[in-house]
$ cat entry_0.txt   # compact mmCIF, C-alpha atoms
# COMPACT_ATOMS: atom_id res chain seq x y z
CA MET S 1 -22.39 21.12 8.68
CA ASP S 2 -18.84 22.13 9.58
CA ASP S 3 -17.11 22.95 6.28
CA GLU S 4 -13.85 21.26 7.32
CA GLU S 5 -15.54 17.90 7.91
CA ALA S 6 -18.58 18.18 5.64
CA TYR S 7 -16.69 17.89 2.36
CA ARG S 8 -15.20 14.54 3.46
CA LYS S 9 -18.72 13.08 3.64
CA LEU S 10 -19.29 13.93 -0.01
CA ILE S 11 -16.12 12.60 -1.67
CA THR S 12 -17.47 9.19 -2.73
CA PRO S 13 -20.94 7.58 -2.92
CA TYR S 14 -19.88 5.35 -0.03
CA THR S 15 -18.98 8.22 2.29
CA PHE S 16 -22.13 10.14 1.40
CA TYR S 17 -24.41 7.17 1.96
CA HIS S 18 -22.84 5.79 5.15
CA LEU S 19 -21.77 9.01 6.87
CA LEU S 20 -24.66 11.27 5.94
CA PHE S 21 -27.60 9.73 4.10
CA VAL S 22 -28.37 6.28 5.51
CA SER S 23 -29.51 7.48 8.95
CA LYS S 24 -31.93 9.95 7.32
CA LEU S 25 -33.22 7.26 4.97
CA GLU S 26 -33.77 4.82 7.83
CA ASP S 27 -35.66 7.51 9.76
CA ALA S 28 -37.91 8.09 6.73
CA VAL S 29 -38.53 4.34 6.32
CA ASN S 30 -39.50 4.08 10.01
CA GLU S 31 -41.88 7.03 9.67
CA GLU S 32 -43.60 5.32 6.72
CA HIS S 33 -43.91 2.08 8.68
CA ASN S 34 -45.28 3.88 11.74
CA SER S 35 -47.88 5.68 9.64
CA GLY S 36 -48.97 2.42 8.04
CA GLU S 37 -47.74 3.36 4.59
CA GLU S 38 -46.64 0.36 2.51
CA ASN S 39 -44.12 0.57 -0.31
CA GLY S 40 -43.60 4.30 0.21
CA ALA S 41 -40.93 6.32 -1.57
CA ALA S 42 -38.37 5.88 1.23
CA GLN S 43 -39.00 2.13 1.36
CA GLN S 44 -38.62 1.83 -2.41
CA LEU S 45 -35.35 3.76 -2.32
CA HIS S 46 -34.06 1.68 0.57
CA HIS S 47 -34.94 -1.52 -1.31
CA HIS S 48 -33.25 -0.27 -4.47
CA VAL S 49 -30.01 0.46 -2.59
CA GLN S 50 -30.09 -2.99 -0.97
CA VAL S 51 -30.58 -4.77 -4.32
CA TYR S 52 -28.22 -2.55 -6.33
CA PRO S 53 -25.82 -1.16 -3.69
CA ASP S 54 -23.18 0.39 -5.95
CA GLU S 55 -25.54 1.83 -8.54
CA GLY S 56 -28.05 2.94 -5.90
CA LYS S 57 -25.52 4.80 -3.78
CA ALA S 58 -23.93 6.37 -6.87
CA SER S 59 -27.25 7.69 -8.19
CA ILE S 60 -28.29 9.13 -4.80
CA HIS S 61 -24.87 10.76 -4.43
CA HIS S 62 -25.06 12.23 -7.94
CA ILE S 63 -28.53 13.71 -7.37
CA PHE S 64 -27.54 15.20 -4.02
CA MET S 65 -24.37 16.79 -5.44
CA GLU S 66 -26.34 18.39 -8.29
CA VAL S 67 -28.89 19.84 -5.88
CA ALA S 68 -26.31 20.92 -3.27
CA GLU S 69 -24.22 22.69 -5.91
CA SER S 70 -27.07 25.12 -6.51
CA MET S 71 -27.30 26.02 -2.80
CA PRO S 72 -25.08 29.03 -1.90
CA ASN S 73 -24.18 27.69 1.56
CA MET S 74 -23.06 24.35 0.06
CA GLN S 75 -21.14 25.47 -3.01
CA SER S 76 -17.68 25.68 -1.39
CA ILE S 77 -18.18 22.32 0.35
CA VAL S 78 -19.29 20.62 -2.87
CA ALA S 79 -16.39 22.18 -4.81
CA ARG S 80 -13.85 20.90 -2.30
CA ALA S 81 -15.37 17.40 -2.28
CA LYS S 82 -15.37 17.34 -6.08
CA GLY S 83 -11.67 18.28 -6.03
CA TYR S 84 -10.87 15.13 -4.07
CA THR S 85 -13.24 13.02 -6.17
CA GLY S 86 -11.59 14.32 -9.32
CA ALA S 87 -8.13 13.58 -7.93
CA LEU S 88 -9.07 9.95 -7.31
CA ARG S 89 -10.48 9.76 -10.83
CA LYS S 90 -7.15 11.06 -12.18
CA VAL S 91 -5.25 8.41 -10.22
CA ARG S 92 -7.43 5.70 -11.72
CA LYS S 93 -6.73 7.21 -15.14
CA VAL S 94 -2.97 7.07 -14.45
CA GLY S 95 -3.36 3.38 -13.58
CA SER S 96 -5.38 2.76 -16.74
CA GLY S 97 -2.74 4.55 -18.79
CA ALA S 98 -0.01 2.41 -17.23
CA ARG S 99 -2.04 -0.71 -18.08
CA ALA S 100 -2.61 0.41 -21.66
CA GLN S 101 1.11 0.93 -22.32
CA ALA S 102 2.40 -1.96 -20.18
CA ILE S 103 4.74 -4.62 -21.52
CA TRP S 104 3.27 -8.04 -20.72
CA LEU S 105 6.05 -10.42 -19.71
CA GLY S 106 5.20 -14.13 -19.54
CA LEU S 107 7.39 -16.50 -17.50
CA LEU S 108 7.19 -20.09 -16.36
CA ARG S 109 6.63 -20.75 -12.67
CA LEU S 110 9.26 -22.84 -10.89
CA VAL S 111 8.21 -25.88 -8.92
CA ILE S 112 8.45 -25.25 -5.19
CA ILE S 113 10.87 -28.12 -4.65
CA TYR S 114 13.49 -26.28 -6.75
CA ILE S 115 13.16 -23.17 -4.58
CA LEU S 116 13.54 -25.19 -1.39
CA GLU S 117 16.43 -27.34 -2.60
CA SER S 118 18.38 -24.37 -4.00
CA GLY S 119 18.16 -22.50 -0.71
CA LEU S 120 16.35 -19.49 -2.17
CA ASP S 121 13.93 -19.64 0.77
CA ASN S 122 16.54 -19.26 3.53
CA LYS S 123 19.56 -17.52 2.01
CA PHE S 124 20.37 -13.88 1.39
CA ILE S 125 20.11 -13.06 -2.31
CA LEU S 126 23.18 -11.55 -3.99
CA GLU S 127 22.90 -10.08 -7.48
CA THR S 128 26.57 -9.76 -8.44
CA ALA S 129 29.86 -11.62 -8.09
CA GLU S 130 31.33 -8.45 -6.51
CA GLN S 131 28.88 -8.79 -3.64
CA LEU S 132 29.85 -12.43 -3.23
CA GLN S 133 33.51 -11.42 -3.14
CA GLU S 134 32.73 -8.98 -0.33
CA VAL S 135 31.18 -11.84 1.61
CA LEU S 136 34.21 -14.06 0.99
CA GLU S 137 36.57 -11.35 2.24
CA ASP S 138 34.50 -10.62 5.30
CA ASN S 139 34.04 -12.95 8.23
CA LYS S 140 30.73 -11.46 9.34
CA THR S 141 28.60 -13.36 6.82
CA ASN S 142 28.74 -17.12 6.35
CA THR S 143 29.07 -17.98 2.66
CA GLU S 144 26.55 -20.77 3.25
CA ALA S 145 24.00 -18.10 4.11
CA VAL S 146 24.03 -16.43 0.67
CA ILE S 147 23.05 -17.38 -2.87
CA LEU S 148 24.25 -15.70 -6.09
CA ILE S 149 21.60 -15.26 -8.81
CA GLN S 150 23.74 -13.42 -11.39
CA GLY S 151 23.03 -14.79 -14.85
CA THR S 152 20.16 -17.00 -13.69
CA HIS S 153 17.26 -14.51 -13.59
CA TYR S 154 15.31 -12.47 -16.08
CA ARG S 155 15.78 -8.79 -15.25
CA VAL S 156 13.51 -5.77 -15.65
CA CYS S 157 15.70 -2.67 -15.60
CA ALA S 158 14.57 0.68 -14.25
CA PRO S 159 14.12 3.07 -17.20
CA LYS S 160 16.77 5.66 -18.00
CA THR S 161 14.21 8.19 -19.24
CA GLY S 162 11.78 10.09 -17.04
CA LYS S 163 8.71 8.86 -18.89
CA MET S 164 6.21 6.58 -17.21
CA GLN S 165 6.87 2.93 -18.06
CA SER S 166 5.16 -0.19 -16.78
CA ALA S 167 5.09 -3.96 -17.02
CA ILE S 168 2.61 -6.69 -16.11
CA PHE S 169 3.95 -10.16 -15.32
CA TRP S 170 2.04 -13.37 -16.02
CA THR S 171 2.61 -17.10 -15.63
CA LYS S 172 2.98 -19.12 -18.81
CA GLU S 173 1.39 -22.56 -18.74
CA SER S 174 4.09 -23.82 -21.11
CA GLU S 175 6.90 -22.44 -23.27
CA ALA S 176 4.43 -22.28 -26.14
CA ASP S 177 1.87 -20.23 -24.17
CA ILE S 178 1.44 -16.78 -25.78
CA THR S 179 -1.99 -15.96 -24.32
CA PRO S 180 -1.91 -13.82 -21.17
CA THR S 181 -5.07 -13.57 -19.09
CA TRP S 182 -5.86 -11.80 -15.84
CA GLU S 183 -6.03 -15.18 -14.08
CA LYS S 184 -2.36 -15.75 -14.98
CA VAL S 185 -1.06 -12.37 -13.73
CA PHE S 186 1.36 -12.57 -10.78
CA GLY S 187 2.51 -8.96 -10.49
CA GLY S 188 3.47 -5.67 -12.08
CA VAL S 189 5.49 -2.48 -11.77
CA ILE S 190 5.00 1.20 -12.66
CA TYR S 191 7.98 3.54 -13.00
CA ASN S 192 7.95 7.34 -13.12
CA ALA S 193 4.29 7.88 -12.30
CA ASP S 194 5.15 11.53 -11.65
CA THR S 195 1.62 12.57 -12.54
CA LEU S 196 0.56 11.20 -9.16
CA GLN S 197 2.96 13.54 -7.39
CA GLU S 198 1.48 16.49 -9.27
CA ILE S 199 -2.09 15.48 -8.45
CA PHE S 200 -1.44 15.39 -4.74
CA LYS S 201 1.25 17.99 -4.15
CA ASP S 202 -1.32 20.38 -2.61
CA GLU S 203 -2.91 17.79 -0.33
CA GLY S 204 0.55 16.62 0.79
CA THR S 205 -0.69 13.07 1.00
CA LEU S 206 1.27 10.86 -1.35
CA SER S 207 4.47 12.86 -1.32
CA GLN S 208 6.42 14.38 1.55
CA GLN S 209 4.04 13.43 4.35
CA MET S 210 4.35 9.76 3.49
CA VAL S 211 8.14 9.99 3.23
CA GLU S 212 8.27 11.56 6.69
CA ALA S 213 5.81 9.03 8.12
CA THR S 214 7.79 6.10 6.72
CA MET S 215 11.06 7.39 8.15
CA LEU S 216 9.61 8.23 11.56
CA SER S 217 7.93 4.83 11.80
CA VAL S 218 11.24 3.08 11.15
CA ILE S 219 13.04 5.22 13.73
CA ASP S 220 10.41 4.86 16.46
CA ASN S 221 9.00 1.35 16.12
CA ILE S 222 10.20 -2.15 16.91
CA THR S 223 11.35 -4.26 13.96
CA VAL S 224 8.83 -6.87 12.84
CA GLN S 225 10.06 -10.41 13.50
CA ARG S 226 9.77 -12.64 10.43
CA GLY S 227 9.51 -16.45 10.11
CA GLN S 228 12.25 -18.61 11.59
CA ARG S 229 13.30 -20.12 8.26
CA MET S 230 13.65 -16.72 6.58
CA SER S 231 16.90 -14.79 6.38
CA THR S 232 16.24 -11.08 6.78
CA ASP S 233 18.19 -7.95 7.55
CA GLY S 234 17.61 -4.24 7.60
CA MET S 235 14.45 -2.93 9.21
CA MET S 236 10.74 -3.58 8.68
CA VAL S 237 8.25 -2.03 11.09
CA LYS S 238 4.49 -1.66 11.35
CA GLY S 239 3.32 1.68 9.99
CA MET S 240 0.01 3.48 9.62
CA GLY S 241 -3.33 1.79 8.99
CA LEU S 242 -5.13 -1.16 10.51
CA GLN S 243 -2.89 -3.47 12.56
CA SER S 244 -3.40 -6.35 14.97
CA THR S 245 -1.61 -7.66 18.04
CA ASN S 246 -2.71 -10.74 19.99
CA GLY S 247 -5.89 -10.93 17.94
CA LYS S 248 -6.92 -7.32 18.66
CA LEU S 249 -7.25 -4.58 16.04
CA TYR S 250 -5.72 -1.15 16.45
CA THR S 251 -4.79 1.76 14.19
CA GLY S 252 -1.07 2.36 13.65
CA GLN S 253 0.25 5.89 14.00
CA ILE S 254 3.62 7.60 14.29
CA LYS S 255 4.52 8.32 17.90
CA PRO S 256 4.22 11.76 19.50
CA LEU S 257 7.32 13.35 20.94
CA PRO S 258 7.44 13.25 24.75
CA GLU S 259 6.54 16.41 26.61
CA PRO S 260 9.59 18.29 27.89
CA THR S 261 10.56 17.67 31.50
CA SER S 262 12.16 21.07 31.88
CA ALA S 263 10.12 23.89 33.37
CA ASN S 264 11.55 26.18 30.67
CA PRO S 265 11.90 24.09 27.50
CA ARG S 266 13.75 25.52 24.56
CA PRO S 267 11.59 27.03 21.79
CA ALA S 268 13.16 24.61 19.28
CA THR S 269 12.01 21.65 21.40
CA LEU S 270 8.46 22.96 21.59
CA GLN S 271 8.49 23.58 17.84
CA LYS S 272 9.52 19.96 17.15
CA ILE S 273 6.75 18.67 19.43
CA HIS S 274 4.24 20.90 17.66
CA GLU S 275 5.39 19.83 14.18
CA ARG S 276 5.23 16.14 15.09
CA GLN S 277 1.71 16.53 16.50
CA GLN S 278 0.66 18.47 13.40
CA LEU S 279 2.00 15.68 11.18
CA ARG S 280 0.14 13.08 13.27
CA GLU S 281 -3.11 14.98 12.82
CA GLU S 282 -2.60 15.42 9.08
CA LEU S 283 -1.76 11.74 8.61
CA HIS S 284 -4.80 10.69 10.61
CA LYS S 285 -7.01 12.97 8.53
CA ASN S 286 -5.54 11.92 5.18
CA TRP S 287 -4.90 8.22 5.74
CA GLY S 288 -8.21 6.97 4.33
CA PHE S 289 -7.64 9.17 1.31
CA ASN S 290 -4.14 7.73 0.92
CA GLN S 291 -5.62 4.24 0.93
CA ALA S 292 -8.15 5.35 -1.67
CA ILE S 293 -5.28 6.64 -3.83
CA TRP S 294 -3.65 3.21 -3.78
CA TYR S 295 -6.94 1.46 -4.46
CA ASN S 296 -7.75 3.65 -7.46
CA LEU S 297 -4.25 3.23 -8.89
CA ILE S 298 -4.65 -0.56 -8.75
CA LEU S 299 -8.24 -0.34 -10.01
CA GLY S 300 -6.84 1.31 -13.12
CA PHE S 301 -3.70 -0.83 -13.49
CA LEU S 302 -4.80 -4.31 -12.31
CA PRO S 303 -8.63 -4.12 -12.12
CA PRO S 304 -9.30 -7.76 -11.08
CA TRP S 305 -6.78 -7.45 -8.22
CA ALA S 306 -8.44 -4.31 -6.89
CA LYS S 307 -11.92 -5.81 -7.11
CA HIS S 308 -10.76 -8.99 -5.37
CA GLN S 309 -9.27 -6.95 -2.51
CA GLN S 310 -12.44 -4.89 -2.28
CA ALA S 311 -14.60 -8.01 -2.08
CA LEU S 312 -12.44 -9.44 0.71
CA SER S 313 -12.69 -6.20 2.68
CA GLU S 314 -16.47 -6.06 2.26
CA MET S 315 -16.76 -9.36 4.16
CA TYR S 316 -16.12 -7.34 7.36
CA PRO S 317 -17.01 -3.79 6.28
CA ASP S 318 -17.03 -2.22 9.74
CA GLN S 319 -13.39 -3.25 10.22
CA LEU S 320 -11.82 -3.65 6.77
CA LEU S 321 -13.31 -0.69 4.89
CA ASN S 322 -12.16 2.86 5.58
CA GLU S 323 -14.42 5.92 5.60
CA LEU S 324 -14.13 6.24 1.80
CA GLY S 325 -15.26 2.65 1.29
CA THR S 326 -11.91 1.27 0.07
CA PRO S 327 -9.78 -1.44 1.74
CA ASN S 328 -8.48 -0.44 5.17
CA THR S 329 -5.00 -1.83 4.61
CA SER S 330 -2.09 -2.25 6.99
CA SER S 331 1.18 -0.58 6.09
CA PHE S 332 4.76 -1.65 6.72
CA CYS S 333 7.81 0.61 6.43
CA THR S 334 11.31 -0.58 5.60
CA TYR S 335 14.88 0.71 5.54
CA ALA S 336 17.81 -1.25 4.04
CA TYR S 337 15.52 -4.27 4.05
CA CYS S 338 16.49 -7.55 2.43
CA ALA S 339 14.90 -10.99 2.70
CA SER S 340 15.31 -14.48 1.37
CA SER S 341 12.48 -15.78 -0.80
CA HIS S 342 9.33 -16.55 1.14
CA LEU S 343 5.55 -16.59 1.18
CA ASP S 344 3.51 -14.31 3.45
CA LYS S 345 0.28 -15.21 5.19
CA ASP S 346 -1.69 -12.34 3.71
CA ASP S 347 -5.20 -11.98 2.33
CA GLY S 348 -5.43 -10.69 -1.23
CA TYR S 349 -2.63 -8.78 -2.88
CA THR S 350 0.24 -6.55 -1.77
CA TRP S 351 1.45 -3.28 -3.21
CA GLY S 352 4.50 -1.17 -2.42
CA ARG S 353 6.13 2.14 -3.20
CA VAL S 354 9.78 3.14 -3.07
CA VAL S 355 9.48 6.38 -1.12
CA ARG S 356 13.20 7.16 -1.15
CA ARG S 357 16.17 5.75 -3.06
CA SER S 358 19.14 8.02 -3.68
CA ASN S 359 21.88 7.57 -6.27
CA LYS S 360 24.03 6.09 -3.51
CA VAL S 361 21.99 2.89 -3.75
CA LEU S 362 23.45 0.75 -6.54
CA ARG S 363 21.25 -0.75 -9.25
CA SER S 364 22.42 -4.21 -8.17
CA GLU S 365 20.99 -4.02 -4.65
CA SER S 366 17.64 -3.74 -2.85
CA ASN S 367 15.67 -5.03 -5.83
CA PHE S 368 12.51 -7.13 -5.78
CA ILE S 369 12.91 -10.82 -6.57
CA TRP S 370 10.25 -13.27 -7.73
CA ALA S 371 12.05 -16.56 -7.02
CA SER S 372 8.89 -18.31 -8.19
CA HIS S 373 9.57 -17.07 -11.72
CA LYS S 374 13.32 -16.29 -11.65
CA LEU S 375 12.57 -12.60 -12.12
CA THR S 376 14.45 -9.59 -10.74
CA VAL S 377 12.77 -6.18 -10.97
CA GLU S 378 14.94 -3.13 -10.37
CA MET S 379 13.56 -0.58 -7.94
CA GLU S 380 13.90 3.18 -8.16
CA GLU S 381 12.51 6.12 -6.24
CA GLY S 382 8.81 6.57 -6.88
CA ALA S 383 8.31 3.08 -8.34
CA PHE S 384 5.09 1.21 -7.51
CA TRP S 385 5.04 -2.58 -7.59
CA PHE S 386 2.43 -5.24 -6.97
CA TRP S 387 2.62 -8.94 -6.04
CA ASN S 388 0.70 -11.91 -4.66
CA ALA S 389 2.60 -12.51 -1.44
CA SER S 390 0.75 -15.63 -0.33
CA GLN S 391 1.11 -17.47 -3.66
CA ASP S 392 4.47 -16.55 -5.20
CA TYR S 393 7.88 -16.88 -3.56
CA HIS S 394 9.41 -13.41 -3.38
CA GLY S 395 12.20 -11.54 -1.61
CA THR S 396 14.48 -8.50 -1.67
CA SER S 397 18.12 -8.64 -2.70
CA MET S 398 21.01 -7.79 -0.37
CA ASN S 399 22.34 -4.25 0.05
CA ARG S 400 25.69 -2.78 1.09
CA ILE S 401 24.57 -1.68 4.56
CA ALA S 402 23.17 -5.12 5.33
CA LEU S 403 26.42 -6.66 4.10
CA LEU S 404 28.20 -4.71 6.84
CA ARG S 405 26.15 -6.73 9.35
CA PRO S 406 25.77 -3.85 11.82
CA ALA S 407 24.56 -4.61 15.33
CA THR S 408 21.87 -1.96 14.87
CA PHE S 409 20.54 -0.07 11.85
CA LYS S 410 19.32 2.89 13.91
CA ASN S 411 22.55 4.83 13.46
CA PHE S 412 22.34 4.46 9.68
CA VAL S 413 18.68 5.48 9.72
CA LYS S 414 19.47 8.69 11.58
CA HIS S 415 22.85 9.61 10.13
CA ALA S 416 22.95 7.99 6.66
CA PRO S 417 19.35 7.94 5.41
CA ASP S 418 20.42 8.18 1.76
CA ASP S 419 22.66 5.12 1.94
CA ALA S 420 19.75 2.68 1.68
CA GLN S 421 16.30 2.29 0.21
CA TRP S 422 13.05 3.19 2.01
CA THR S 423 9.75 1.54 1.07
CA LEU S 424 6.12 1.68 2.15
CA VAL S 425 4.02 -1.46 1.64
CA HIS S 426 0.25 -1.95 1.91
CA VAL S 427 -1.48 -5.26 2.54
CA VAL S 428 -4.23 -6.93 4.57
CA PRO S 429 -2.45 -9.54 6.72
CA TYR S 430 -4.28 -12.74 7.56
CA SER S 431 -3.94 -11.87 11.26
CA VAL S 432 -5.84 -8.62 10.66
CA THR S 433 -8.60 -10.43 8.78
CA MET S 434 -8.96 -12.95 11.61
CA ALA S 435 -9.06 -10.16 14.20
CA ALA S 436 -11.67 -8.34 12.10
CA ARG S 437 -13.71 -11.53 11.87
CA ALA S 438 -13.59 -12.03 15.64
CA GLU S 439 -14.53 -8.42 16.29
CA SER S 440 -17.46 -8.57 13.85
CA ARG S 441 -18.86 -11.61 15.70
CA ALA S 442 -18.40 -10.19 19.18
$ encode --input "entry_0.txt" --output "structure tokens"
Amino acid sequence: MDDEEAYRKLITPYTFYHLLFVSKLEDAVNEEHNSGEENGAAQQLHHHVQVYPDEGKASIHHIFMEVAESMPNMQSIVARAKGYTGALRKVRKVGSGARAQAIWLGLLRLVIIYILESGLDNKFILETAEQLQEVLEDNKTNTEAVILIQGTHYRVCAPKTGKMQSAIFWTKESEADITPTWEKVFGGVIYNADTLQEIFKDEGTLSQQMVEATMLSVIDNITVQRGQRMSTDGMMVKGMGLQSTNGKLYTGQIKPLPEPTSANPRPATLQKIHERQQLREELHKNWGFNQAIWYNLILGFLPPWAKHQQALSEMYPDQLLNELGTPNTSSFCTYAYCASSHLDKDDGYTWGRVVRRSNKVLRSESNFIWASHKLTVEMEEGAFWFWNASQDYHGTSMNRIALLRPATFKNFVKHAPDDAQWTLVHVVPYSVTMAARAESRA
């Protein structure tokens, strides 16, 4: 086995079984059948894995790793695979730690009619009277197109210390309800999960690569068009991961730079082309691992949500599971994005990360809003947050760049990247699920 690729087949029981072991097991089962042997060892093992898929694959993987570790030609491969396996285990532990220390905040859910009648579903959300005053003094934004929520929402403030802090939000059945359950949870947030950055600084997956990929996606791609009733501004584009267009699945990727037309291109131009291609290759190689990072973080922090998403993805495993056996999510990248409260047609849950937010972005802008519960959650760089986009009305508050109502955001993206917030969001859209379903039946 090629060392560079072999270790990837050993990272999880799923990768080992599906990328390496299952074909050998099926060959052994066929040999037993052809020789007339009934209930042979291979057949028993195959049956055990079918009846107990998770436990069976895990036990086979464990036995193989123990044996392979004693083989000199496999030791470096096994050690590298175990490094990645251990990193995912650490991520899950970070999520579990965030869950253990989380503040559980219970809130009543608003009736939908209130959201619709108040205009929360089609108006830009302003957090302060100062922002409203800007609108009043400026003729670019119609005052009928905005709504001020100052003093009407509960607010979760970003922590002032650098320690990890977290919160889990749940729906109270009544004012007297003091009993949170997983069935009542509607979201959560983790601040300052710096441990994750340390875990992956060598692999370059969660940190700088993803910042670069998010920014390049926003610069290169066409802005996603949202629903007609929604008010949106800023930029949201399709990023890496599984995507669909016209009912067909494809894998998103940052664009390569065009080849130079000059017969004697400048060395700097060639270097940029090389660096972009290198980033594309690294992102392609690491993307499944990035998705596994997210999955393990949620598995630790909101276990029922992760398991629900996993079960949905296993309905169409060839399409909706990546090579590590975790959900093959779509990603969306945003810059200076803001949106009125809305529901999304997604399957399962959504999770996001603030990949970049400088001190130039005020605390009263670009925050996440649960209109369904009158809750505002402040964002900050490195924050992770989780929500149920198809069930709870949510949006993002207005920001200063969007208030300028520019004809295009591209100039700000290129020349003032620190003036607005950048986010990376993962989800399985309903359109992707339907495309996966159609492809699985073809």
$ closest_residue --input "entry_0.txt" --among "S:Leu107, S:Ala311, S:Ala176, S:Met240" --to "S:Asn286" --atoms "only C-alpha atoms"
S:Met240
$ atom_distance --input "entry_0.txt" --atom1 "atom CA of S:Ala383" --atom2 "atom CA of S:Gly352"
8.2 Å
$ residues_around --input "entry_0.txt" --residues "S:Glu381" --least-positions-apart "3" --cutoff "8 Å" --atoms "all atoms listed in the file" --output "list of chain:residue names"
S:Val354, S:Val355, S:Arg356, S:Arg357, S:Ser358
$ closest_residue --input "entry_0.txt" --among "S:Leu270, S:Leu257, S:Leu302, S:Met235" --to "S:Thr423" --atoms "all atoms listed in the file"
S:Met235
$ closest_residue --input "entry_0.txt" --among "S:Met379, S:Phe384, S:Gln133, S:His62" --to "S:Phe301" --atoms "only C-alpha atoms"
S:Phe384
$ residues_around --input "entry_0.txt" --residues "stretch 246-249 of chain S" --least-positions-apart "5" --cutoff "9 Å" --atoms "all atoms listed in the file" --output "PyMOL selection string"
chain S and resi 319+431-432+434-436+438-439
$ residues_around --input "entry_0.txt" --residues "stretch 153-157 of chain S" --least-positions-apart "6" --cutoff "7 Å" --atoms "all atoms listed in the file" --output "PyMOL selection string"
chain S and resi 374-378
$ write_last_selection --input "entry_0.txt" --atoms "C-alpha atoms" --output "JSON list (two decimals), keeping the file's coordinate frame"
[["chain", "number", "residue", "atom", "x", "y", "z"],
["S", 374, "LYS", "CA", 13.32, -16.29, -11.65],
["S", 375, "LEU", "CA", 12.57, -12.60, -12.12],
["S", 376, "THR", "CA", 14.45, -9.59, -10.74],
["S", 377, "VAL", "CA", 12.77, -6.18, -10.97],
["S", 378, "GLU", "CA", 14.94, -3.13, -10.37]]
$ closest_residue --input "entry_0.txt" --among "S:Tyr7, S:Trp104, S:Phe124, S:Tyr335" --to "S:Lys410" --atoms "only C-alpha atoms"
S:Tyr335
$ atom_distance --input "entry_0.txt" --atom1 "atom CA of S:Ala371" --atom2 "atom CA of S:Asp392"
7.8 Å
$ closest_residue --input "entry_0.txt" --among "S:Thr214, S:Gln50, S:Ser35, S:Thr232" --to "S:Asp121" --atoms "only C-alpha atoms"
S:Thr232
$ residues_near_point --input "entry_0.txt" --point "(-15.0, 19.4, -6.6)" --cutoff "12 Å" --atoms "all atoms listed in the file" --output "number ranges by chain"
S: 7-8, 10-12, 65-66, 68-69, 74-89
$ atom_distance --input "entry_0.txt" --atom1 "atom CA of S:Gln101" --atom2 "atom CA of S:Lys163"
11.5 Å
$ residues_around --input "entry_0.txt" --residues "S:Leu403" --least-positions-apart "3" --cutoff "8 Å" --atoms "all atoms listed in the file" --output "NGL selection string"
:S and (135 or 141 or 398-400)
$ write_last_selection --input "entry_0.txt" --atoms "C-alpha atoms" --output "CSV table (one decimal), in the coordinates of the input"
chain,number,residue,atom,x,y,z
S,135,VAL,CA,31.2,-11.8,1.6
S,141,THR,CA,28.6,-13.4,6.8
S,398,MET,CA,21.0,-7.8,-0.4
S,399,ASN,CA,22.3,-4.2,0.0
S,400,ARG,CA,25.7,-2.8,1.1
$ residues_around --input "entry_0.txt" --residues "S:Leu320" --least-positions-apart "3" --cutoff "12 Å" --atoms "all atoms listed in the file" --output "VMD selection string"
chain S and resid 241 to 243 249 to 251 288 291 309 to 317 323 to 330 347 427 to 430 432 to 437 439 to 440
$ residues_near_point --input "entry_0.txt" --point "(-19.1, 13.0, 5.9)" --cutoff "8 Å" --atoms "all atoms listed in the file" --output "compact mmCIF listing (two decimals) with C-alpha atoms, keeping the file's coordinate frame"
# COMPACT_ATOMS: atom_id res chain seq x y z
CA GLU S 5 -15.54 17.90 7.91
CA ALA S 6 -18.58 18.18 5.64
CA TYR S 7 -16.69 17.89 2.36
CA ARG S 8 -15.20 14.54 3.46
CA LYS S 9 -18.72 13.08 3.64
CA LEU S 10 -19.29 13.93 -0.01
CA THR S 15 -18.98 8.22 2.29
CA PHE S 16 -22.13 10.14 1.40
CA LEU S 19 -21.77 9.01 6.87
CA LEU S 20 -24.66 11.27 5.94
